[in-house]
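Below: one structure, written as structure tokens.
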Amino acid sequence: MMPQQGQTFMRGTLVLSIAAFINRILGFISGMYIARALGAEGIGLLMMAHPLVPLVITLTELGLPVAISKLVAEAHARGERQKVRRILHVSLAVTSVLSVALTTLSLIGSEWIASILLSDQRAYYAMLAITPIAPIIAISAVLKGYFRGMQRMKTIAASDVLEHTVQIACVLALVHLLLPYGVAYAAAGAMAASVASEAISLLFLMASYKLNGEAKLPGETWASHLRQGRSTLGELLQIGLPTTGHGVIHSLYNAFQPLMITTSLALAGIGTAAATQQFGLLAGYTFPLLFMPSFITHSLSTALIPAIGEAAANKNSLLIHERMNQAILLGLVIGAPATLILYEWATPLTTLIYASPEAGILLQILAPIFFLHYFDAPLHAILLGLGRARAMLWNYVIATACKCVLIFILGSQLGISGVAYGIGIGIAIQTALNFFSIAGSIGFYSSIRPFIKVGICTMLMGIGGHWMYHYLLNNHTWHPNWSVIAAIASSLVLYIAALIITGTLTWSQRRHKLSIPW
């Protein structure tokens, strides 16, 4: 029974990873079009209007999706079909009431909220357009929690891919339709496209549940579930509320980040329109490129939490450290080439993708420090697997507070480059705190040899890619865009070959696939 469960879990992880990769590509295509259509100023308006919604969603979800998946899995394993449906009904009732109430309050107080959060009032229409998305996402999250608990990952993956596909179509239509009326209306159209795509995804999830969900039991009603649901709600909140604390702080930081950045830029003598444009370069152009490869480490984190928890429950210290080392090595293998590419070809990449060479300066500042982000996701998961959620939360609070102070101080002195340095130092602080929390709890033991091997492979990749780029650029009639694509592709081939030659990646004859030994 256990091997089959392990296979089901690994298949589900693989399905979600593939879907995440497809969604990254689709989202990247959509982002490219929006960036080129709206420009840095329009992207700045989008980034300003968006942060309030995650806060509303966090407050309405109450961390329930994670709790739902756990409780549904337990109830399903015991054959308690009625409890599975009660968990779903109670969760839907709570999230629906909270999300509709908070969304209504947000719409009623939209002008007051805009006067506080928006440094550029042109973002008001985009903020209004995105606000109705909160109840849609909240209800979708409950259904996804149910499907996770039932190990039906294909349904979740299909809904996510459908959402991103519909979003591209809606963005193309609405932005093109509204752009003649001004960048503020076009930004609102892009936000409305997100609402429409989330609604289609929700309809798909509801149809999937209707076709494949738990059958209604005789005499079962919504009222009966809610009357008997107090204990179920208590179980859900016991798991969900600790997760909410982290989410609320993260959402508050995201909500006030645009205002904080533009205010620091104003102190540096930069006008409102220019500050909005520079914020768009950072949040709309630089961050998507930095986060592009991280879906692999986040997929790893999903699998790592139960793996570390299981080993900790069995008091198997050796297995804990083995899995920790494998996770860190994977972060290194993914993060090293990603950092090199984003640093070495920063300006050519932002020119190729966004037609914005000025964004390359910010990308080159952040790429080396952002290397630590590829380790932070596994470290975060390890702390949760060890039951150190409180330490993880306090680490995030301290790092976020330091980041805010640094953004304000450095931004007011150095402009948008200072903001980038402040964000980067904040990432470094958070990664270091998570590392020291783990080291202080169970110790941290690893071999230096894999790090040396990956370092050598990355150096070879950088030398080969640099030579190829300048050779194609100077000795052939290649367009600069094709030169950078060919250089990056050839450098990645060289990197993978070097990993195999040095034994960092090995071929498993039994499983017919590449693996990372430790």
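Chains: A, B, ... in order of the structure tokens. Residues: from 1 per chain. Ligands: from 1, in order shown.
For Ile369 of chain A, the residues within 9 Å (counting only C-alpha atoms, excluding itself and residues fewer than 5 positions away along the chain) are A:Thr339, A:Tyr421, A:Gly424, A:Ile425, A:Ile427, A:Ala428.
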All residues 12 Å or closer to Ile139 of chain A, only C-alpha atoms, same chain fewer than 2 positions away omitted, as a tab-separated table (two decimals) with C-alpha atoms, in the first residue's frame:
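Saved file out26.tsv follows:
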chain	number	residue	atom	x	y	z
A	57	ILE	CA	-7.62	36.57	-0.60
A	60	THR	CA	-10.77	35.03	3.15
A	61	GLU	CA	-8.91	31.75	2.68
A	64	LEU	CA	-7.95	26.62	4.59
A	65	PRO	CA	-6.71	25.09	1.27
A	88	LEU	CA	-16.00	21.00	1.66
A	89	HIS	CA	-19.36	22.56	2.58
A	90	VAL	CA	-18.07	24.31	5.72
A	91	SER	CA	-15.01	25.62	3.86
A	92	LEU	CA	-17.10	26.91	0.95
A	93	ALA	CA	-19.50	28.63	3.34
A	94	VAL	CA	-16.74	30.37	5.31
A	95	THR	CA	-14.72	31.51	2.28
A	96	SER	CA	-17.79	32.60	0.30
A	97	VAL	CA	-19.17	34.78	3.09
A	98	LEU	CA	-15.79	36.31	3.96
A	99	SER	CA	-14.71	36.91	0.36
A	100	VAL	CA	-17.99	38.50	-0.72
A	133	ILE	CA	-11.31	38.28	-8.47
A	134	ALA	CA	-11.03	37.65	-4.69
A	135	PRO	CA	-14.18	35.50	-4.17
A	136	ILE	CA	-13.47	33.58	-7.40
A	137	ILE	CA	-9.94	32.65	-6.31
A	141	ALA	CA	-8.74	27.39	-3.71
A	142	VAL	CA	-11.24	25.39	-1.64
A	143	LEU	CA	-12.03	23.09	-4.59
A	144	LYS	CA	-8.33	22.68	-5.36
A	145	GLY	CA	-7.72	21.76	-1.71
A	146	TYR	CA	-10.36	19.05	-2.08
A	198	GLU	CA	-10.14	32.82	-13.10
A	199	ALA	CA	-13.92	32.57	-13.58
A	201	SER	CA	-11.09	28.02	-14.30
A	202	LEU	CA	-13.62	28.01	-11.43
A	203	LEU	CA	-16.38	26.79	-13.77
A	205	LEU	CA	-13.38	22.95	-11.25
A	206	MET	CA	-17.08	23.04	-10.38
>> Given only C-alpha atoms as the basis, pick out the residue of A:Ala186, A:Ile25, A:Ala138, A:Met468 nearest to Ile168 of chain A.
In response: A:Ile25
Contacts between segment 277-300 of chain A and segment 407-511 of chain A, please, where a residue of segment 407-511 of chain A counts if it comes within 10 Å (with only C-alpha atoms); show its shortest atom pair and distance in Å to one decimal, rows by chain and ascending number, as CSV.
residue,atom,partner,partner_atom,distance
A:Gly415,CA,A:Gln278,CA,9.2
A:Ile416,CA,A:Gln278,CA,6.6
A:Ser417,CA,A:Leu282,CA,9.4
A:Val419,CA,A:Leu282,CA,9.0
A:Ala420,CA,A:Leu282,CA,7.7
So that I have them on file, write out the residues from the current selection with C-alpha atoms, as a PDB file, in the first residue's frame.
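File produced: result31.pdb:
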ATOM      1  CA  GLY A 415      17.143  55.865  -6.637  1.00  0.00           C
ATOM      2  CA  ILE A 416      15.752  52.675  -8.208  1.00  0.00           C
ATOM      3  CA  SER A 417      19.186  50.985  -8.032  1.00  0.00           C
ATOM      4  CA  VAL A 419      15.658  49.892  -4.138  1.00  0.00           C
ATOM      5  CA  ALA A 420      17.045  46.876  -6.009  1.00  0.00           C
TER       6      ALA A 420
END
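Using only C-alpha atoms for every distance, the candidate list A:Ile353, A:Leu259, A:Leu342, A:Leu414 yields A:Leu259 as the residue closest to Ser115 of chain A.
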> Can you list, as a PyMOL selection string, every protein, DNA or RNA residue that comes within 10 Å of segment 242-254 of chain A when you count only C-alpha atoms, leaving out same-chain residues fewer than 2 positions away?
Replying inline: chain A and resi 47-48+50-64+66-67+237-240+256-260+389-390+392-394+396-397+400-401+403-404
Pull N, CA and C atoms from the residues just selected and write them as an mmCIF file, in the first residue's frame.
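Contents of again.cif, as written:
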data_model
loop_
_atom_site.group_PDB
_atom_site.id
_atom_site.type_symbol
_atom_site.label_atom_id
_atom_site.label_comp_id
_atom_site.auth_asym_id
_atom_site.auth_seq_id
_atom_site.Cartn_x
_atom_site.Cartn_y
_atom_site.Cartn_z
ATOM 1 N N MET A 47 1.165 47.017 -11.399
ATOM 2 C CA MET A 47 1.802 46.557 -10.165
ATOM 3 C C MET A 47 1.269 47.308 -8.942
ATOM 4 N N MET A 48 0.938 48.583 -9.115
ATOM 5 C CA MET A 48 0.374 49.365 -8.009
ATOM 6 C C MET A 48 -1.023 48.895 -7.642
ATOM 7 N N HIS A 50 -2.429 45.919 -8.048
ATOM 8 C CA HIS A 50 -2.607 44.506 -7.729
ATOM 9 C C HIS A 50 -2.465 44.117 -6.264
ATOM 10 N N PRO A 51 -1.531 44.707 -5.487
ATOM 11 C CA PRO A 51 -1.194 44.150 -4.171
ATOM 12 C C PRO A 51 -2.319 44.059 -3.154
ATOM 13 N N LEU A 52 -3.393 44.858 -3.262
ATOM 14 C CA LEU A 52 -4.468 44.781 -2.272
ATOM 15 C C LEU A 52 -5.208 43.452 -2.346
ATOM 16 N N VAL A 53 -5.343 42.892 -3.550
ATOM 17 C CA VAL A 53 -6.127 41.674 -3.743
ATOM 18 C C VAL A 53 -5.542 40.479 -2.987
ATOM 19 N N PRO A 54 -4.209 40.219 -3.048
ATOM 20 C CA PRO A 54 -3.681 39.099 -2.261
ATOM 21 C C PRO A 54 -3.994 39.178 -0.775
ATOM 22 N N LEU A 55 -4.029 40.397 -0.226
ATOM 23 C CA LEU A 55 -4.374 40.547 1.192
ATOM 24 C C LEU A 55 -5.808 40.101 1.443
ATOM 25 N N VAL A 56 -6.735 40.520 0.583
ATOM 26 C CA VAL A 56 -8.138 40.109 0.720
ATOM 27 C C VAL A 56 -8.265 38.599 0.585
ATOM 28 N N ILE A 57 -7.560 38.018 -0.391
ATOM 29 C CA ILE A 57 -7.622 36.572 -0.601
ATOM 30 C C ILE A 57 -7.064 35.828 0.607
ATOM 31 N N THR A 58 -5.939 36.310 1.148
ATOM 32 C CA THR A 58 -5.341 35.662 2.330
ATOM 33 C C THR A 58 -6.298 35.670 3.508
ATOM 34 N N LEU A 59 -6.979 36.801 3.729
ATOM 35 C CA LEU A 59 -7.911 36.911 4.850
ATOM 36 C C LEU A 59 -9.142 36.028 4.649
ATOM 37 N N THR A 60 -9.571 35.847 3.402
ATOM 38 C CA THR A 60 -10.769 35.033 3.152
ATOM 39 C C THR A 60 -10.454 33.536 3.161
ATOM 40 N N GLU A 61 -9.256 33.174 2.707
ATOM 41 C CA GLU A 61 -8.915 31.746 2.680
ATOM 42 C C GLU A 61 -8.599 31.206 4.066
ATOM 43 N N LEU A 62 -8.027 32.039 4.948
ATOM 44 C CA LEU A 62 -7.665 31.641 6.320
ATOM 45 C C LEU A 62 -6.763 30.408 6.351
ATOM 46 N N GLY A 63 -5.965 30.228 5.293
ATOM 47 C CA GLY A 63 -5.091 29.057 5.232
ATOM 48 C C GLY A 63 -5.844 27.756 5.048
ATOM 49 N N LEU A 64 -7.129 27.825 4.677
ATOM 50 C CA LEU A 64 -7.954 26.618 4.593
ATOM 51 C C LEU A 64 -7.541 25.637 3.492
ATOM 52 N N VAL A 66 -4.715 24.419 2.519
ATOM 53 C CA VAL A 66 -3.763 23.439 3.053
ATOM 54 C C VAL A 66 -4.466 22.498 4.028
ATOM 55 N N ALA A 67 -5.285 23.071 4.902
ATOM 56 C CA ALA A 67 -6.008 22.253 5.890
ATOM 57 C C ALA A 67 -7.003 21.313 5.209
ATOM 58 N N LEU A 237 -9.378 25.424 11.168
ATOM 59 C CA LEU A 237 -8.682 26.630 11.628
ATOM 60 C C LEU A 237 -7.421 26.301 12.411
ATOM 61 N N GLN A 238 -7.420 25.162 13.087
ATOM 62 C CA GLN A 238 -6.237 24.764 13.845
ATOM 63 C C GLN A 238 -5.027 24.602 12.926
ATOM 64 N N ILE A 239 -5.282 24.148 11.712
ATOM 65 C CA ILE A 239 -4.198 23.987 10.737
ATOM 66 C C ILE A 239 -4.007 25.265 9.925
ATOM 67 N N GLY A 240 -5.129 25.930 9.599
ATOM 68 C CA GLY A 240 -5.073 27.046 8.662
ATOM 69 C C GLY A 240 -4.572 28.364 9.222
ATOM 70 N N PHE A 256 1.903 47.527 0.351
ATOM 71 C CA PHE A 256 2.530 48.825 0.609
ATOM 72 C C PHE A 256 3.864 48.999 -0.121
ATOM 73 N N GLN A 257 4.360 47.936 -0.733
ATOM 74 C CA GLN A 257 5.648 48.036 -1.423
ATOM 75 C C GLN A 257 5.663 49.098 -2.526
ATOM 76 N N PRO A 258 4.636 49.163 -3.416
ATOM 77 C CA PRO A 258 4.675 50.206 -4.452
ATOM 78 C C PRO A 258 4.732 51.613 -3.873
ATOM 79 N N LEU A 259 3.908 51.870 -2.836
ATOM 80 C CA LEU A 259 3.898 53.194 -2.213
ATOM 81 C C LEU A 259 5.245 53.493 -1.557
ATOM 82 N N MET A 260 5.813 52.491 -0.893
ATOM 83 C CA MET A 260 7.095 52.660 -0.212
ATOM 84 C C MET A 260 8.207 52.964 -1.224
ATOM 85 N N ALA A 389 7.485 26.016 12.195
ATOM 86 C CA ALA A 389 6.731 27.053 11.482
ATOM 87 C C ALA A 389 6.887 28.420 12.151
ATOM 88 N N ARG A 390 6.949 28.446 13.487
ATOM 89 C CA ARG A 390 7.083 29.721 14.189
ATOM 90 C C ARG A 390 8.419 30.381 13.858
ATOM 91 N N MET A 392 10.131 29.943 11.124
ATOM 92 C CA MET A 392 10.020 30.398 9.739
ATOM 93 C C MET A 392 9.296 31.740 9.658
ATOM 94 N N LEU A 393 8.210 31.867 10.447
ATOM 95 C CA LEU A 393 7.433 33.102 10.443
ATOM 96 C C LEU A 393 8.257 34.277 10.962
ATOM 97 N N TRP A 394 8.957 34.086 12.091
ATOM 98 C CA TRP A 394 9.754 35.175 12.661
ATOM 99 C C TRP A 394 10.918 35.556 11.750
ATOM 100 N N TYR A 396 10.828 35.477 8.553
ATOM 101 C CA TYR A 396 10.232 36.283 7.484
ATOM 102 C C TYR A 396 9.917 37.698 7.977
ATOM 103 N N VAL A 397 9.406 37.798 9.208
ATOM 104 C CA VAL A 397 9.089 39.109 9.772
ATOM 105 C C VAL A 397 10.352 39.967 9.869
ATOM 106 N N THR A 400 11.659 40.902 6.356
ATOM 107 C CA THR A 400 10.792 41.878 5.691
ATOM 108 C C THR A 400 10.966 43.259 6.301
ATOM 109 N N ALA A 401 11.099 43.331 7.632
ATOM 110 C CA ALA A 401 11.323 44.620 8.287
ATOM 111 C C ALA A 401 12.643 45.242 7.819
ATOM 112 N N LYS A 403 14.147 44.613 5.017
ATOM 113 C CA LYS A 403 13.993 44.951 3.605
ATOM 114 C C LYS A 403 13.296 46.298 3.439
ATOM 115 N N CYS A 404 12.242 46.532 4.223
ATOM 116 C CA CYS A 404 11.512 47.802 4.142
ATOM 117 C C CYS A 404 12.419 48.988 4.489
#
>> From a backbone DSSP assignment, name each residue in segment 109-339 of chain A labelled alpha helix (DSSP H), as an MDAnalysis selection string.
In response: chainID A and resid 110:117 124:130 133:149 153:178 183:212 222:227 230:267 272:280 287:291 295:313 317:339
>> Taking 5 positions as the minimum chain separation for residues in the same chain, which residues sit within 12 Å of segment 470-487 of chain A when counting only C-alpha atoms? Answer as a PyMOL selection string.
In response: chain A and resi 341-342+344-355+461-465+492-494
>> Report as a list in words all protein, DNA and RNA residues lying within 8 Å of Phe147 of chain A, evaluated on only C-alpha atoms, omitting residues in the same chain fewer than 6 positions from it.
In response: Ser69, Met153, Thr155 and Ile156 of chain A
Would you output that residue set with N, CA and C atoms, as a PDB file, in the first residue's frame?
ATOM      1  N   SER A  69      -6.862  19.945   2.191  1.00  0.00           N
ATOM      2  CA  SER A  69      -6.196  18.804   1.550  1.00  0.00           C
ATOM      3  C   SER A  69      -5.800  17.746   2.579  1.00  0.00           C
ATOM      4  N   MET A 153      -4.536  15.322  -9.003  1.00  0.00           N
ATOM      5  CA  MET A 153      -3.699  16.461  -9.397  1.00  0.00           C
ATOM      6  C   MET A 153      -3.926  16.860 -10.849  1.00  0.00           C
ATOM      7  N   THR A 155      -6.676  17.228 -12.403  1.00  0.00           N
ATOM      8  CA  THR A 155      -7.758  18.219 -12.475  1.00  0.00           C
ATOM      9  C   THR A 155      -7.227  19.619 -12.169  1.00  0.00           C
ATOM     10  N   ILE A 156      -6.398  19.723 -11.138  1.00  0.00           N
ATOM     11  CA  ILE A 156      -5.812  21.015 -10.773  1.00  0.00           C
ATOM     12  C   ILE A 156      -4.912  21.523 -11.893  1.00  0.00           C
TER      13      ILE A 156
END
For Ile496 of chain A, find every residue with an atom within 9 Å (counting only C-alpha atoms), except residues of its own chain fewer than 4 positions away, and show them as a PDB file with N, CA, C and O atoms, in the first residue's frame.
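Writing done, so here's around-v8.pdb:
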ATOM      1  N   CYS A 457      31.604  23.759 -13.488  1.00  0.00           N
ATOM      2  CA  CYS A 457      30.687  23.632 -14.632  1.00  0.00           C
ATOM      3  C   CYS A 457      30.102  24.991 -15.024  1.00  0.00           C
ATOM      4  O   CYS A 457      29.957  25.293 -16.220  1.00  0.00           O
ATOM      5  N   MET A 461      30.549  27.073 -18.504  1.00  0.00           N
ATOM      6  CA  MET A 461      29.358  27.559 -19.183  1.00  0.00           C
ATOM      7  C   MET A 461      29.475  29.045 -19.513  1.00  0.00           C
ATOM      8  O   MET A 461      29.165  29.483 -20.630  1.00  0.00           O
ATOM      9  N   SER A 491      25.422  27.557 -24.229  1.00  0.00           N
ATOM     10  CA  SER A 491      26.022  27.547 -22.886  1.00  0.00           C
ATOM     11  C   SER A 491      25.314  26.541 -21.980  1.00  0.00           C
ATOM     12  O   SER A 491      25.963  25.879 -21.161  1.00  0.00           O
ATOM     13  N   LEU A 492      23.998  26.404 -22.130  1.00  0.00           N
ATOM     14  CA  LEU A 492      23.261  25.423 -21.334  1.00  0.00           C
ATOM     15  C   LEU A 492      23.634  23.990 -21.724  1.00  0.00           C
ATOM     16  O   LEU A 492      23.755  23.115 -20.856  1.00  0.00           O
ATOM     17  N   ILE A 500      27.443  16.146 -16.457  1.00  0.00           N
ATOM     18  CA  ILE A 500      27.493  14.691 -16.673  1.00  0.00           C
ATOM     19  C   ILE A 500      28.938  14.197 -16.597  1.00  0.00           C
ATOM     20  O   ILE A 500      29.233  13.171 -15.971  1.00  0.00           O
ATOM     21  N   ILE A 501      29.869  14.930 -17.223  1.00  0.00           N
ATOM     22  CA  ILE A 501      31.285  14.527 -17.241  1.00  0.00           C
ATOM     23  C   ILE A 501      31.864  14.508 -15.824  1.00  0.00           C
ATOM     24  O   ILE A 501      32.621  13.602 -15.461  1.00  0.00           O
ATOM     25  N   LEU A 505      25.636  14.988 -12.525  1.00  0.00           N
ATOM     26  CA  LEU A 505      24.443  14.312 -13.035  1.00  0.00           C
ATOM     27  C   LEU A 505      24.861  12.942 -13.517  1.00  0.00           C
ATOM     28  O   LEU A 505      25.884  12.802 -14.198  1.00  0.00           O
TER      29      LEU A 505
END
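Every protein, DNA or RNA residue with an atom at most 7 Å from Thr502 of chain A, where only C-alpha atoms count and chain neighbours fewer than 3 positions away do not, is listed here: Lys453, Ala498 and Leu499 of chain A.
Rounded to one decimal, atom CA of Gly455 of chain A and atom CA of Thr504 of chain A lie 11.0 Å from each other.
Minimum distance to Ser446 of chain A across A:Asn395, A:Asp376, A:Arg323, A:Ile382 (counting only C-alpha atoms) occurs at A:Arg323.
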